[in-house]
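Written below as structure tokens is the structure these notes are about.
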Amino acid sequence: MTTLEKQAALGRELFDLNTGTLRRLAELQTNGVRQYFETNQAFAEKLPGIKDVSTFMELQREYGEAVWKGFTEGLKANGEVLQEAAESAGELLRSTFVADEPKAPKAAEKTSKPAAASAAA
């Protein structure tokens with residue numbers, strides 16, 4: 001495969017990788033927003049049953065913990081997707097731009113040098 005063909009293939013593979021990564025990130029964001037609205041709805045349904053300030057404060061604390069947990073889980077999931085994409089892109093780049101293996105010296109060249117050194121001695 002020529003260098004130009006390798007670079008064209010790399011471009012296609014990176015495009016596919018980026019498209020898939022953005023699709024996964026969009027799905028994660030959609031799920032995060034959906035979860036946020038569900039959390040808000042669940043806690044809003046509990047509000048009419050509150051009779052005192054201490055119960056309200058407890059509900060507010062639970063709500064904050066639930067929102068924070070969803071936020072941190074979303075960030076962790078996004079980070080994993082991005083890390084996976086970066087590793088895949090690195091593998092693609094390494095496989096495309098790896099220099100050809102240096103050729104091993106021929107057997108005749110190896111034996112001629114020691115023979116010349118022993119003849120000089």
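Letters A, B, ... mark the chains of the structure tokens in the order given; residue numbers begin at 1 per chain; ligand numbers begin at 1, in order shown.
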Shell of 9 Å around Gly74 (chain A), only C-alpha atoms, local chain residues under 5 positions omitted, as a PDB file with C-alpha atoms, in the first residue's frame:
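The result, stored in selection_34.pdb:
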ATOM      1  CA  LEU A  28     -24.697   9.896  26.876  1.00  0.00           C
ATOM      2  CA  GLN A  29     -25.762  13.544  26.988  1.00  0.00           C
ATOM      3  CA  ASN A  31     -29.477   9.985  28.704  1.00  0.00           C
ATOM      4  CA  GLY A  32     -28.034  12.449  31.234  1.00  0.00           C
ATOM      5  CA  LYS A  69     -24.260  11.372  41.452  1.00  0.00           C
ATOM      6  CA  GLY A  79     -14.174  10.400  29.986  1.00  0.00           C
TER       7      GLY A  79
END
Problem - Exercise: region 38-53 of chain A partners within 10 Å, only C-alpha atoms, chain neighbours under 4 positions left out, as number ranges by chain - result: A: 32-34, 57-60, 62-63, 66-67, 70
When you look at region 5-13 of chain A with a cut-off of 8 Å (counting only C-alpha atoms), what residues show up, excluding the ones that are within fewer than 2 positions of it in the same chain? I need them as a PyMOL selection string. chain A and resi 1-3+15-17+92-93+96
Expressed in Å, the length from CA of Leu82 (chain A) to CA of Thr21 (chain A) is 7.4 Å
_Using Å and a single decimal, report how far CA of Arg94 (chain A) sits from CA of Lys76 (chain A)._
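These atoms are spaced 26.8 Å apart.
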**OP:** Go through A:Thr55, A:Thr19, A:Ser88, A:Gln35 one by one, measure the shortest atom-to-atom distance of each to Phe71 (chain A) using only C-alpha atoms, and give the residue with the smallest value.
**Re:**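 Residue with the minimum atom-to-atom distance to Phe71 (chain A): A:Gln35.
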re CA of Glu27 (chain A) and CA of Glu87 (chain A): distance 20.5 Å
Using only C-alpha atoms, the residue out of A:Ala26, A:Leu4, A:Val98, A:Leu14 with shortest distance to Asn78 (chain A) is A:Ala26
